[in-house]
$ cat entry_10.tsv   # TSV, N, CA and C atoms
chain	number	residue	atom	x	y	z
A	1	ALA	N	71.36	-53.65	59.45
A	1	ALA	CA	70.55	-54.29	60.47
A	1	ALA	C	69.43	-55.11	59.85
A	2	GLU	N	68.87	-54.64	58.73
A	2	GLU	CA	67.75	-55.34	58.11
A	2	GLU	C	68.09	-56.78	57.77
A	3	LYS	N	69.22	-57.00	57.11
A	3	LYS	CA	69.59	-58.34	56.67
A	3	LYS	C	69.92	-59.26	57.84
A	4	VAL	N	70.60	-58.75	58.86
A	4	VAL	CA	70.95	-59.56	60.03
A	4	VAL	C	69.69	-59.98	60.77
A	5	LEU	N	68.77	-59.03	61.00
A	5	LEU	CA	67.53	-59.35	61.69
A	5	LEU	C	66.66	-60.29	60.86
A	6	GLU	N	66.60	-60.06	59.55
A	6	GLU	CA	65.82	-60.93	58.67
A	6	GLU	C	66.32	-62.36	58.75
A	7	GLN	N	67.62	-62.55	58.67
A	7	GLN	CA	68.19	-63.89	58.73
A	7	GLN	C	67.93	-64.53	60.10
A	8	ALA	N	68.07	-63.76	61.16
A	8	ALA	CA	67.83	-64.29	62.50
A	8	ALA	C	66.39	-64.74	62.66
A	9	TYR	N	65.45	-63.98	62.13
A	9	TYR	CA	64.04	-64.34	62.23
A	9	TYR	C	63.71	-65.59	61.41
A	10	LYS	N	64.46	-65.85	60.37
A	10	LYS	CA	64.20	-67.01	59.52
A	10	LYS	C	64.87	-68.27	60.05
A	11	THR	N	65.78	-68.12	60.98
A	11	THR	CA	66.47	-69.26	61.58
A	11	THR	C	65.58	-69.85	62.66
A	12	VAL	N	65.40	-71.15	62.63
A	12	VAL	CA	64.51	-71.79	63.60
A	12	VAL	C	65.34	-72.57	64.62
A	13	PRO	N	65.49	-72.02	65.81
A	13	PRO	CA	66.21	-72.74	66.86
A	13	PRO	C	65.41	-73.99	67.28
A	14	PRO	N	66.08	-74.95	67.89
A	14	PRO	CA	65.38	-76.15	68.36
A	14	PRO	C	64.22	-75.78	69.30
A	15	ASN	N	63.09	-76.42	69.12
A	15	ASN	CA	61.91	-76.26	69.97
A	15	ASN	C	61.24	-74.88	69.90
A	16	LEU	N	61.56	-74.09	68.89
A	16	LEU	CA	60.90	-72.80	68.71
A	16	LEU	C	60.29	-72.74	67.31
A	17	SER	N	59.40	-71.78	67.11
A	17	SER	CA	58.72	-71.63	65.82
A	17	SER	C	59.34	-70.51	65.00
A	18	ARG	N	59.24	-70.65	63.70
A	18	ARG	CA	59.77	-69.66	62.77
A	18	ARG	C	58.96	-68.36	62.89
A	19	VAL	N	59.64	-67.22	62.84
A	19	VAL	CA	58.97	-65.92	62.85
A	19	VAL	C	58.68	-65.48	61.42
A	20	LEU	N	59.66	-65.62	60.52
A	20	LEU	CA	59.48	-65.22	59.13
A	20	LEU	C	59.66	-66.42	58.21
A	21	THR	N	58.85	-66.48	57.16
A	21	THR	CA	59.05	-67.49	56.13
A	21	THR	C	60.16	-67.02	55.19
A	22	LYS	N	60.64	-67.92	54.33
A	22	LYS	CA	61.83	-67.62	53.51
A	22	LYS	C	61.63	-66.48	52.53
A	23	ASN	N	60.40	-66.18	52.11
A	23	ASN	CA	60.17	-65.12	51.13
A	23	ASN	C	59.94	-63.74	51.73
A	24	VAL	N	59.82	-63.66	53.04
A	24	VAL	CA	59.58	-62.37	53.70
A	24	VAL	C	60.88	-61.56	53.70
A	25	LYS	N	60.77	-60.32	53.37
A	25	LYS	CA	61.91	-59.40	53.36
A	25	LYS	C	61.64	-58.24	54.32
A	26	ILE	N	62.68	-57.80	55.00
A	26	ILE	CA	62.61	-56.53	55.73
A	26	ILE	C	63.07	-55.47	54.74
A	27	ASN	N	62.12	-54.65	54.31
A	27	ASN	CA	62.44	-53.61	53.32
A	27	ASN	C	63.28	-52.49	53.93
A	28	SER	N	62.91	-52.09	55.14
A	28	SER	CA	63.65	-51.00	55.78
A	28	SER	C	63.33	-50.95	57.27
A	29	ILE	N	64.22	-50.30	57.99
A	29	ILE	CA	63.99	-49.99	59.39
A	29	ILE	C	64.32	-48.51	59.54
A	30	LYS	N	63.38	-47.77	60.12
A	30	LYS	CA	63.57	-46.33	60.26
A	30	LYS	C	63.36	-45.93	61.72
A	31	VAL	N	64.34	-45.22	62.26
A	31	VAL	CA	64.23	-44.71	63.62
A	31	VAL	C	63.56	-43.34	63.55
A	32	ASN	N	62.42	-43.23	64.20
A	32	ASN	CA	61.65	-41.98	64.24
A	32	ASN	C	61.75	-41.38	65.64
A	33	GLU	N	61.12	-40.26	65.85
A	33	GLU	CA	61.06	-39.64	67.16
A	33	GLU	C	60.06	-40.42	68.02
A	34	GLY	N	60.56	-41.22	68.97
A	34	GLY	CA	59.69	-41.95	69.89
A	34	GLY	C	59.28	-43.35	69.47
A	35	TYR	N	59.61	-43.77	68.27
A	35	TYR	CA	59.28	-45.13	67.82
A	35	TYR	C	60.14	-45.52	66.63
A	36	VAL	N	60.13	-46.81	66.32
A	36	VAL	CA	60.86	-47.33	65.16
A	36	VAL	C	59.86	-47.96	64.22
A	37	THR	N	60.03	-47.74	62.92
A	37	THR	CA	59.19	-48.37	61.90
A	37	THR	C	60.00	-49.46	61.22
A	38	VAL	N	59.43	-50.67	61.17
A	38	VAL	CA	60.04	-51.76	60.42
A	38	VAL	C	59.04	-52.12	59.31
A	39	ASP	N	59.52	-52.02	58.08
A	39	ASP	CA	58.68	-52.28	56.91
A	39	ASP	C	59.03	-53.63	56.31
A	40	PHE	N	58.05	-54.52	56.26
A	40	PHE	CA	58.21	-55.86	55.70
A	40	PHE	C	57.54	-55.94	54.33
A	41	SER	N	57.93	-56.93	53.56
A	41	SER	CA	57.19	-57.26	52.35
A	41	SER	C	55.83	-57.82	52.77
A	42	LYS	N	54.84	-57.71	51.88
A	42	LYS	CA	53.49	-58.19	52.20
A	42	LYS	C	53.45	-59.69	52.45
A	43	SER	N	54.48	-60.41	52.02
A	43	SER	CA	54.51	-61.85	52.25
A	43	SER	C	54.56	-62.19	53.74
A	44	LEU	N	54.87	-61.22	54.60
A	44	LEU	CA	54.79	-61.46	56.04
A	44	LEU	C	53.40	-61.97	56.38
A	45	VAL	N	52.37	-61.35	55.80
A	45	VAL	CA	50.98	-61.74	56.08
A	45	VAL	C	50.53	-62.86	55.15
A	46	THR	N	50.84	-62.77	53.87
A	46	THR	CA	50.30	-63.75	52.91
A	46	THR	C	50.87	-65.15	53.13
A	47	GLU	N	52.07	-65.25	53.71
A	47	GLU	CA	52.67	-66.56	53.95
A	47	GLU	C	52.61	-67.00	55.42
A	48	MET	N	52.00	-66.19	56.27
A	48	MET	CA	52.02	-66.46	57.70
A	48	MET	C	51.24	-67.73	58.06
A	49	ASN	N	50.05	-67.89	57.53
A	49	ASN	CA	49.23	-69.08	57.80
A	49	ASN	C	49.11	-69.35	59.30
A	50	ALA	N	48.64	-68.34	60.05
A	50	ALA	CA	48.57	-68.45	61.50
A	50	ALA	C	47.22	-67.95	62.01
A	51	GLY	N	46.76	-68.53	63.09
A	51	GLY	CA	45.58	-68.03	63.78
A	51	GLY	C	45.93	-66.74	64.50
A	52	SER	N	44.93	-66.12	65.10
A	52	SER	CA	45.15	-64.81	65.72
A	52	SER	C	46.15	-64.87	66.88
A	53	GLY	N	46.13	-65.95	67.66
A	53	GLY	CA	47.07	-66.06	68.78
A	53	GLY	C	48.51	-66.17	68.32
A	54	TYR	N	48.75	-67.03	67.34
A	54	TYR	CA	50.11	-67.20	66.82
A	54	TYR	C	50.57	-65.94	66.09
A	55	GLU	N	49.66	-65.32	65.33
A	55	GLU	CA	50.02	-64.07	64.66
A	55	GLU	C	50.38	-63.01	65.69
A	56	GLY	N	49.62	-62.92	66.76
A	56	GLY	CA	49.93	-61.97	67.82
A	56	GLY	C	51.30	-62.23	68.43
A	57	ALA	N	51.64	-63.52	68.60
A	57	ALA	CA	52.96	-63.87	69.15
A	57	ALA	C	54.08	-63.48	68.19
A	58	ILE	N	53.85	-63.67	66.89
A	58	ILE	CA	54.84	-63.26	65.89
A	58	ILE	C	55.04	-61.75	65.94
A	59	LEU	N	53.94	-61.00	65.97
A	59	LEU	CA	54.04	-59.54	66.01
A	59	LEU	C	54.72	-59.06	67.29
A	60	GLN	N	54.44	-59.72	68.42
A	60	GLN	CA	55.08	-59.34	69.67
A	60	GLN	C	56.56	-59.66	69.64
A	61	SER	N	56.92	-60.79	69.04
A	61	SER	CA	58.33	-61.15	68.91
A	61	SER	C	59.08	-60.09	68.10
A	62	ILE	N	58.50	-59.70	66.98
A	62	ILE	CA	59.11	-58.66	66.15
A	62	ILE	C	59.22	-57.36	66.95
A	63	THR	N	58.14	-56.97	67.59
A	63	THR	CA	58.10	-55.72	68.36
A	63	THR	C	59.16	-55.72	69.47
A	64	ASP	N	59.22	-56.80	70.23
A	64	ASP	CA	60.17	-56.85	71.34
A	64	ASP	C	61.62	-56.83	70.85
A	65	THR	N	61.91	-57.58	69.81
A	65	THR	CA	63.28	-57.62	69.28
A	65	THR	C	63.70	-56.26	68.76
A	66	ILE	N	62.87	-55.65	67.94
A	66	ILE	CA	63.18	-54.33	67.38
A	66	ILE	C	63.26	-53.29	68.50
A	67	GLY	N	62.32	-53.35	69.43
A	67	GLY	CA	62.30	-52.39	70.54
A	67	GLY	C	63.55	-52.45	71.39
A	68	VAL	N	63.97	-53.67	71.75
A	68	VAL	CA	65.18	-53.81	72.56
A	68	VAL	C	66.40	-53.38	71.76
A	69	TYR	N	66.49	-53.83	70.51
A	69	TYR	CA	67.65	-53.52	69.68
A	69	TYR	C	67.83	-52.01	69.50
A	70	PHE	N	66.71	-51.29	69.28
A	70	PHE	CA	66.79	-49.85	69.03
A	70	PHE	C	66.43	-49.02	70.27
A	71	GLN	N	66.28	-49.68	71.41
A	71	GLN	CA	66.01	-49.02	72.68
A	71	GLN	C	64.81	-48.06	72.60
A	72	THR	N	63.68	-48.62	72.18
A	72	THR	CA	62.45	-47.86	72.11
A	72	THR	C	61.31	-48.68	72.70
A	73	GLU	N	60.23	-48.04	73.08
A	73	GLU	CA	59.07	-48.71	73.67
A	73	GLU	C	57.95	-48.94	72.66
A	74	LYS	N	58.09	-48.38	71.46
A	74	LYS	CA	57.02	-48.49	70.47
A	74	LYS	C	57.59	-48.84	69.10
A	75	VAL	N	56.89	-49.75	68.41
A	75	VAL	CA	57.33	-50.20	67.09
A	75	VAL	C	56.14	-50.20	66.14
A	76	GLU	N	56.30	-49.53	65.02
A	76	GLU	CA	55.30	-49.55	63.96
A	76	GLU	C	55.72	-50.63	62.96
A	77	ILE	N	54.79	-51.50	62.60
A	77	ILE	CA	55.05	-52.53	61.59
A	77	ILE	C	54.22	-52.20	60.37
A	78	THR	N	54.90	-52.09	59.22
A	78	THR	CA	54.20	-51.80	57.97
A	78	THR	C	54.50	-52.89	56.95
A	79	LEU	N	53.66	-52.94	55.92
A	79	LEU	CA	53.79	-53.91	54.83
A	79	LEU	C	53.92	-53.15	53.52
A	80	ASP	N	55.09	-53.19	52.92
A	80	ASP	CA	55.36	-52.45	51.68
A	80	ASP	C	54.89	-51.00	51.79
A	81	GLY	N	55.16	-50.38	52.94
A	81	GLY	CA	54.89	-48.97	53.14
A	81	GLY	C	53.49	-48.63	53.62
A	82	THR	N	52.62	-49.62	53.80
A	82	THR	CA	51.26	-49.35	54.28
A	82	THR	C	51.09	-49.94	55.68
A	83	PRO	N	50.16	-49.41	56.48
A	83	PRO	CA	49.97	-49.93	57.83
A	83	PRO	C	49.68	-51.43	57.82
A	84	TYR	N	50.14	-52.12	58.85
A	84	TYR	CA	49.95	-53.56	58.97
A	84	TYR	C	48.47	-53.90	58.98
A	85	ALA	N	48.07	-54.85	58.16
A	85	ALA	CA	46.68	-55.32	58.13
A	85	ALA	C	46.66	-56.78	57.73
A	86	SER	N	45.84	-57.55	58.46
A	86	SER	CA	45.64	-58.96	58.17
A	86	SER	C	44.19	-59.28	58.49
A	87	GLY	N	43.83	-60.51	58.47
A	87	GLY	CA	42.48	-60.89	58.85
A	87	GLY	C	42.21	-60.73	60.35
A	88	HIS	N	43.27	-60.59	61.15
A	88	HIS	CA	43.13	-60.49	62.60
A	88	HIS	C	43.47	-59.13	63.17
A	89	PHE	N	44.38	-58.42	62.53
A	89	PHE	CA	44.85	-57.13	63.04
A	89	PHE	C	44.79	-56.10	61.92
A	90	GLU	N	44.41	-54.88	62.26
A	90	GLU	CA	44.42	-53.79	61.30
A	90	GLU	C	44.89	-52.52	62.01
A	91	MET	N	46.06	-52.07	61.61
A	91	MET	CA	46.66	-50.89	62.24
A	91	MET	C	46.41	-49.66	61.38
A	92	LYS	N	46.41	-48.51	62.02
A	92	LYS	CA	46.31	-47.23	61.31
A	92	LYS	C	47.71	-46.68	61.11
A	93	ALA	N	47.84	-45.69	60.25
A	93	ALA	CA	49.15	-45.06	60.01
A	93	ALA	C	49.72	-44.57	61.33
A	94	VAL	N	50.98	-44.88	61.56
A	94	VAL	CA	51.75	-44.50	62.73
A	94	VAL	C	51.17	-45.07	64.03
A	95	GLU	N	50.32	-46.09	63.94
A	95	GLU	CA	49.86	-46.80	65.13
A	95	GLU	C	50.93	-47.84	65.46
A	96	THR	N	51.32	-47.90	66.71
A	96	THR	CA	52.45	-48.73	67.09
A	96	THR	C	52.04	-49.89	68.00
A	97	PHE	N	52.90	-50.89	68.03
A	97	PHE	CA	52.79	-51.98	68.98
A	97	PHE	C	53.69	-51.63	70.16
A	98	SER	N	53.32	-52.03	71.36
A	98	SER	CA	54.10	-51.73	72.56
A	98	SER	C	55.10	-52.85	72.85
A	99	VAL	N	56.31	-52.45	73.15
A	99	VAL	CA	57.36	-53.40	73.52
A	99	VAL	C	57.07	-53.93	74.92
A	100	ARG	N	57.11	-55.25	75.06
A	100	ARG	CA	56.90	-55.91	76.35
A	100	ARG	C	58.06	-56.87	76.61
A	101	ALA	N	59.25	-56.39	76.42
A	101	ALA	CA	60.44	-57.24	76.53
A	101	ALA	C	60.60	-57.83	77.92
A	102	ASP	N	60.08	-57.17	78.94
A	102	ASP	CA	60.20	-57.71	80.29
A	102	ASP	C	59.41	-59.00	80.46
A	103	GLU	N	58.46	-59.26	79.56
A	103	GLU	CA	57.65	-60.48	79.59
A	103	GLU	C	58.21	-61.55	78.66
A	104	ALA	N	59.22	-61.22	77.86
A	104	ALA	CA	59.75	-62.13	76.84
A	104	ALA	C	60.88	-62.98	77.41
A	105	ALA	N	61.01	-64.16	76.83
A	105	ALA	CA	62.14	-65.03	77.16
A	105	ALA	C	63.21	-64.83	76.09
A	106	GLU	N	64.43	-64.65	76.50
A	106	GLU	CA	65.53	-64.43	75.56
A	106	GLU	C	66.11	-65.77	75.13
A	107	TYR	N	66.30	-65.91	73.83
A	107	TYR	CA	66.98	-67.09	73.30
A	107	TYR	C	68.41	-66.69	72.99
A	108	LYS	N	69.35	-67.41	73.53
A	108	LYS	CA	70.76	-67.14	73.25
A	108	LYS	C	71.24	-68.14	72.22
A	109	ALA	N	71.63	-67.62	71.07
A	109	ALA	CA	72.08	-68.47	69.98
A	109	ALA	C	73.35	-69.21	70.37
A	110	GLY	N	73.37	-70.48	70.06
A	110	GLY	CA	74.55	-71.30	70.33
A	110	GLY	C	75.22	-71.69	69.04
A	111	ALA	N	75.96	-72.72	69.09
A	111	ALA	CA	76.69	-73.20	67.91
A	111	ALA	C	75.76	-73.67	66.81
A	112	ASP	N	74.48	-73.93	67.15
A	112	ASP	CA	73.53	-74.44	66.17
A	112	ASP	C	73.03	-73.35	65.23
A	113	ILE	N	73.27	-72.06	65.54
A	113	ILE	CA	72.80	-70.97	64.70
A	113	ILE	C	73.99	-70.11	64.30
A	114	LYS	N	74.14	-69.90	63.02
A	114	LYS	CA	75.23	-69.06	62.51
A	114	LYS	C	74.62	-67.87	61.78
A	115	LEU	N	74.89	-66.67	62.27
A	115	LEU	CA	74.44	-65.44	61.62
A	115	LEU	C	75.62	-64.81	60.91
A	116	THR	N	75.42	-64.48	59.63
A	116	THR	CA	76.50	-63.88	58.86
A	116	THR	C	76.10	-62.52	58.36

$ encode --input "entry_10.tsv" --output "structure tokens"
Amino acid sequence: AEKVLEQAYKTVPPNLSRVLTKNVKINSIKVNEGYVTVDFSKSLVTEMNAGSGYEGAILQSITDTIGVYFQTEKVEITLDGTPYASGHFEMKAVETFSVRADEAAEYKAGADIKLT
């Protein structure tokens, strides 16, 4: 799942913004009791180059996708095994983001996107 989701996040559909830059890696995804942890390389933050609003949108996109995929309401995002922290957000250990998939718009990949 890590590689498929990583590739999907790096693919930029027409009229949408990239979620992950090319150097960001999903190190692991772990299903816990009541939440899922997705661990990214630190380049998620160091290469993001986003203001707080755009960063929040990226984090919500990740949270909603992981939450829907793994059927959970809470997602913990970590960076190389440590709680997510940037200039705008600082999470504590096992602090989660809430899935708000009912507010999200679904993009259906067409012939323009190939996932392998």

$ closest_residue --input "entry_10.tsv" --among "A:Thr37, A:Thr21, A:Thr46, A:Asn32" --to "Ile77 (chain A)" --atoms "only C-alpha atoms"
A:Thr37

$ select_by_dssp --input "entry_10.tsv" --residues "chain A" --states "alpha helix (DSSP H)" --output "PyMOL selection string"
chain A and resi 2-10+43-46+52-70

$ write_last_selection --input "entry_10.tsv" --atoms "N, CA and C atoms" --output "compact mmCIF listing (two decimals), in the frame of the given file"
# COMPACT_ATOMS: atom_id res chain seq x y z
N GLU A 2 68.87 -54.64 58.73
CA GLU A 2 67.75 -55.34 58.11
C GLU A 2 68.09 -56.78 57.77
N LYS A 3 69.22 -57.00 57.11
CA LYS A 3 69.59 -58.34 56.67
C LYS A 3 69.92 -59.26 57.84
N VAL A 4 70.60 -58.75 58.86
CA VAL A 4 70.95 -59.56 60.03
C VAL A 4 69.69 -59.98 60.77
N LEU A 5 68.77 -59.03 61.00
CA LEU A 5 67.53 -59.35 61.69
C LEU A 5 66.66 -60.29 60.86
N GLU A 6 66.60 -60.06 59.55
CA GLU A 6 65.82 -60.93 58.67
C GLU A 6 66.32 -62.36 58.75
N GLN A 7 67.62 -62.55 58.67
CA GLN A 7 68.19 -63.89 58.73
C GLN A 7 67.93 -64.53 60.10
N ALA A 8 68.07 -63.76 61.16
CA ALA A 8 67.83 -64.29 62.50
C ALA A 8 66.39 -64.74 62.66
N TYR A 9 65.45 -63.98 62.13
CA TYR A 9 64.04 -64.34 62.23
C TYR A 9 63.71 -65.59 61.41
N LYS A 10 64.46 -65.85 60.37
CA LYS A 10 64.20 -67.01 59.52
C LYS A 10 64.87 -68.27 60.05
N SER A 43 54.48 -60.41 52.02
CA SER A 43 54.51 -61.85 52.25
C SER A 43 54.56 -62.19 53.74
N LEU A 44 54.87 -61.22 54.60
CA LEU A 44 54.79 -61.46 56.04
C LEU A 44 53.40 -61.97 56.38
N VAL A 45 52.37 -61.35 55.80
CA VAL A 45 50.98 -61.74 56.08
C VAL A 45 50.53 -62.86 55.15
N THR A 46 50.84 -62.77 53.87
CA THR A 46 50.30 -63.75 52.91
C THR A 46 50.87 -65.15 53.13
N SER A 52 44.93 -66.12 65.10
CA SER A 52 45.15 -64.81 65.72
C SER A 52 46.15 -64.87 66.88
N GLY A 53 46.13 -65.95 67.66
CA GLY A 53 47.07 -66.06 68.78
C GLY A 53 48.51 -66.17 68.32
N TYR A 54 48.75 -67.03 67.34
CA TYR A 54 50.11 -67.20 66.82
C TYR A 54 50.57 -65.94 66.09
N GLU A 55 49.66 -65.32 65.33
CA GLU A 55 50.02 -64.07 64.66
C GLU A 55 50.38 -63.01 65.69
N GLY A 56 49.62 -62.92 66.76
CA GLY A 56 49.93 -61.97 67.82
C GLY A 56 51.30 -62.23 68.43
N ALA A 57 51.64 -63.52 68.60
CA ALA A 57 52.96 -63.87 69.15
C ALA A 57 54.08 -63.48 68.19
N ILE A 58 53.85 -63.67 66.89
CA ILE A 58 54.84 -63.26 65.89
C ILE A 58 55.04 -61.75 65.94
N LEU A 59 53.94 -61.00 65.97
CA LEU A 59 54.04 -59.54 66.01
C LEU A 59 54.72 -59.06 67.29
N GLN A 60 54.44 -59.72 68.42
CA GLN A 60 55.08 -59.34 69.67
C GLN A 60 56.56 -59.66 69.64
N SER A 61 56.92 -60.79 69.04
CA SER A 61 58.33 -61.15 68.91
C SER A 61 59.08 -60.09 68.10
N ILE A 62 58.50 -59.70 66.98
CA ILE A 62 59.11 -58.66 66.15
C ILE A 62 59.22 -57.36 66.95
N THR A 63 58.14 -56.97 67.59
CA THR A 63 58.10 -55.72 68.36
C THR A 63 59.16 -55.72 69.47
N ASP A 64 59.22 -56.80 70.23
CA ASP A 64 60.17 -56.85 71.34
C ASP A 64 61.62 -56.83 70.85
N THR A 65 61.91 -57.58 69.81
CA THR A 65 63.28 -57.62 69.28
C THR A 65 63.70 -56.26 68.76
N ILE A 66 62.87 -55.65 67.94
CA ILE A 66 63.18 -54.33 67.38
C ILE A 66 63.26 -53.29 68.50
N GLY A 67 62.32 -53.35 69.43
CA GLY A 67 62.30 -52.39 70.54
C GLY A 67 63.55 -52.45 71.39
N VAL A 68 63.97 -53.67 71.75
CA VAL A 68 65.18 -53.81 72.56
C VAL A 68 66.40 -53.38 71.76
N TYR A 69 66.49 -53.83 70.51
CA TYR A 69 67.65 -53.52 69.68
C TYR A 69 67.83 -52.01 69.50
N PHE A 70 66.71 -51.29 69.28
CA PHE A 70 66.79 -49.85 69.03
C PHE A 70 66.43 -49.02 70.27

$ closest_residue --input "entry_10.tsv" --among "A:Asn23, A:Lys10, A:Val36, A:Ala1" --to "Gln71 (chain A)" --atoms "only C-alpha atoms"
A:Val36

$ closest_residue --input "entry_10.tsv" --among "A:Val24, A:Val75, A:Leu5, A:Leu59" --to "Ser41 (chain A)" --atoms "all atoms listed in the file"
A:Val24

$ select_by_dssp --input "entry_10.tsv" --residues "chain A" --states "strand (DSSP E)" --output "PDB file with N, CA and C atoms, in the coordinates of the input"
ATOM      1  N   ILE A  26      62.680 -57.800  55.000  1.00  0.00           N
ATOM      2  CA  ILE A  26      62.610 -56.530  55.730  1.00  0.00           C
ATOM      3  C   ILE A  26      63.070 -55.470  54.740  1.00  0.00           C
ATOM      4  N   ASN A  27      62.120 -54.650  54.310  1.00  0.00           N
ATOM      5  CA  ASN A  27      62.440 -53.610  53.320  1.00  0.00           C
ATOM      6  C   ASN A  27      63.280 -52.490  53.930  1.00  0.00           C
ATOM      7  N   SER A  28      62.910 -52.090  55.140  1.00  0.00           N
ATOM      8  CA  SER A  28      63.650 -51.000  55.780  1.00  0.00           C
ATOM      9  C   SER A  28      63.330 -50.950  57.270  1.00  0.00           C
ATOM     10  N   ILE A  29      64.220 -50.300  57.990  1.00  0.00           N
ATOM     11  CA  ILE A  29      63.990 -49.990  59.390  1.00  0.00           C
ATOM     12  C   ILE A  29      64.320 -48.510  59.540  1.00  0.00           C
ATOM     13  N   LYS A  30      63.380 -47.770  60.120  1.00  0.00           N
ATOM     14  CA  LYS A  30      63.570 -46.330  60.260  1.00  0.00           C
ATOM     15  C   LYS A  30      63.360 -45.930  61.720  1.00  0.00           C
ATOM     16  N   VAL A  31      64.340 -45.220  62.260  1.00  0.00           N
ATOM     17  CA  VAL A  31      64.230 -44.710  63.620  1.00  0.00           C
ATOM     18  C   VAL A  31      63.560 -43.340  63.550  1.00  0.00           C
ATOM     19  N   VAL A  36      60.130 -46.810  66.320  1.00  0.00           N
ATOM     20  CA  VAL A  36      60.860 -47.330  65.160  1.00  0.00           C
ATOM     21  C   VAL A  36      59.860 -47.960  64.220  1.00  0.00           C
ATOM     22  N   THR A  37      60.030 -47.740  62.920  1.00  0.00           N
ATOM     23  CA  THR A  37      59.190 -48.370  61.900  1.00  0.00           C
ATOM     24  C   THR A  37      60.000 -49.460  61.220  1.00  0.00           C
ATOM     25  N   VAL A  38      59.430 -50.670  61.170  1.00  0.00           N
ATOM     26  CA  VAL A  38      60.040 -51.760  60.420  1.00  0.00           C
ATOM     27  C   VAL A  38      59.040 -52.120  59.310  1.00  0.00           C
ATOM     28  N   ASP A  39      59.520 -52.020  58.080  1.00  0.00           N
ATOM     29  CA  ASP A  39      58.680 -52.280  56.910  1.00  0.00           C
ATOM     30  C   ASP A  39      59.030 -53.630  56.310  1.00  0.00           C
ATOM     31  N   PHE A  40      58.050 -54.520  56.260  1.00  0.00           N
ATOM     32  CA  PHE A  40      58.210 -55.860  55.700  1.00  0.00           C
ATOM     33  C   PHE A  40      57.540 -55.940  54.330  1.00  0.00           C
ATOM     34  N   LYS A  74      58.090 -48.380  71.460  1.00  0.00           N
ATOM     35  CA  LYS A  74      57.020 -48.490  70.470  1.00  0.00           C
ATOM     36  C   LYS A  74      57.590 -48.840  69.100  1.00  0.00           C
ATOM     37  N   VAL A  75      56.890 -49.750  68.410  1.00  0.00           N
ATOM     38  CA  VAL A  75      57.330 -50.200  67.090  1.00  0.00           C
ATOM     39  C   VAL A  75      56.140 -50.200  66.140  1.00  0.00           C
ATOM     40  N   GLU A  76      56.300 -49.530  65.020  1.00  0.00           N
ATOM     41  CA  GLU A  76      55.300 -49.550  63.960  1.00  0.00           C
ATOM     42  C   GLU A  76      55.720 -50.630  62.960  1.00  0.00           C
ATOM     43  N   ILE A  77      54.790 -51.500  62.600  1.00  0.00           N
ATOM     44  CA  ILE A  77      55.050 -52.530  61.590  1.00  0.00           C
ATOM     45  C   ILE A  77      54.220 -52.200  60.370  1.00  0.00           C
ATOM     46  N   THR A  78      54.900 -52.090  59.220  1.00  0.00           N
ATOM     47  CA  THR A  78      54.200 -51.800  57.970  1.00  0.00           C
ATOM     48  C   THR A  78      54.500 -52.890  56.950  1.00  0.00           C
ATOM     49  N   LEU A  79      53.660 -52.940  55.920  1.00  0.00           N
ATOM     50  CA  LEU A  79      53.790 -53.910  54.830  1.00  0.00           C
ATOM     51  C   LEU A  79      53.920 -53.150  53.520  1.00  0.00           C
ATOM     52  N   THR A  82      52.620 -49.620  53.800  1.00  0.00           N
ATOM     53  CA  THR A  82      51.260 -49.350  54.280  1.00  0.00           C
ATOM     54  C   THR A  82      51.090 -49.940  55.680  1.00  0.00           C
ATOM     55  N   PRO A  83      50.160 -49.410  56.480  1.00  0.00           N
ATOM     56  CA  PRO A  83      49.970 -49.930  57.830  1.00  0.00           C
ATOM     57  C   PRO A  83      49.680 -51.430  57.820  1.00  0.00           C
ATOM     58  N   PHE A  97      52.900 -50.890  68.030  1.00  0.00           N
ATOM     59  CA  PHE A  97      52.790 -51.980  68.980  1.00  0.00           C
ATOM     60  C   PHE A  97      53.690 -51.630  70.160  1.00  0.00           C
ATOM     61  N   SER A  98      53.320 -52.030  71.360  1.00  0.00           N
ATOM     62  CA  SER A  98      54.100 -51.730  72.560  1.00  0.00           C
ATOM     63  C   SER A  98      55.100 -52.850  72.850  1.00  0.00           C
TER      64      SER A  98
END

$ residues_around --input "entry_10.tsv" --residues "Asp80 (chain A)" --least-positions-apart "4" --cutoff "8 Å" --atoms "only N, CA and C atoms" --output "PyMOL selection string"
chain A and resi 27+38-43+84

$ axis_aligned_box --input "entry_10.tsv" --around "region 83-101 of chain A" --padding-each-side "6 Å" --output "JSON"
{"center_x": 51.4, "center_y": -52.7, "center_z": 67.2, "size_x": 30.4, "size_y": 28.4, "size_z": 33.4}

$ closest_residue --input "entry_10.tsv" --among "A:Tyr9, A:Ala85, A:Val19, A:Val45" --to "Ala57 (chain A)" --atoms "only C-alpha atoms"
A:Val19

$ closest_residue --input "entry_10.tsv" --among "A:Leu20, A:Ala8, A:Ile66, A:Val31" --to "Met48 (chain A)" --atoms "all atoms listed in the file"
A:Leu20

$ atom_distance --input "entry_10.tsv" --atom1 "CA of Val99 (chain A)" --atom2 "CA of Pro14 (chain A)"
24.7 Å

$ atom_distance --input "entry_10.tsv" --atom1 "atom C of Thr65 (chain A)" --atom2 "atom C of Ile26 (chain A)"
14.1 Å

$ atom_distance --input "entry_10.tsv" --atom1 "CA of Thr78 (chain A)" --atom2 "atom C of Asp102 (chain A)"
24.2 Å

$ closest_residue --input "entry_10.tsv" --among "A:His88, A:Phe97, A:Gln7, A:Ser17" --to "Gly53 (chain A)" --atoms "only C-alpha atoms"
A:His88
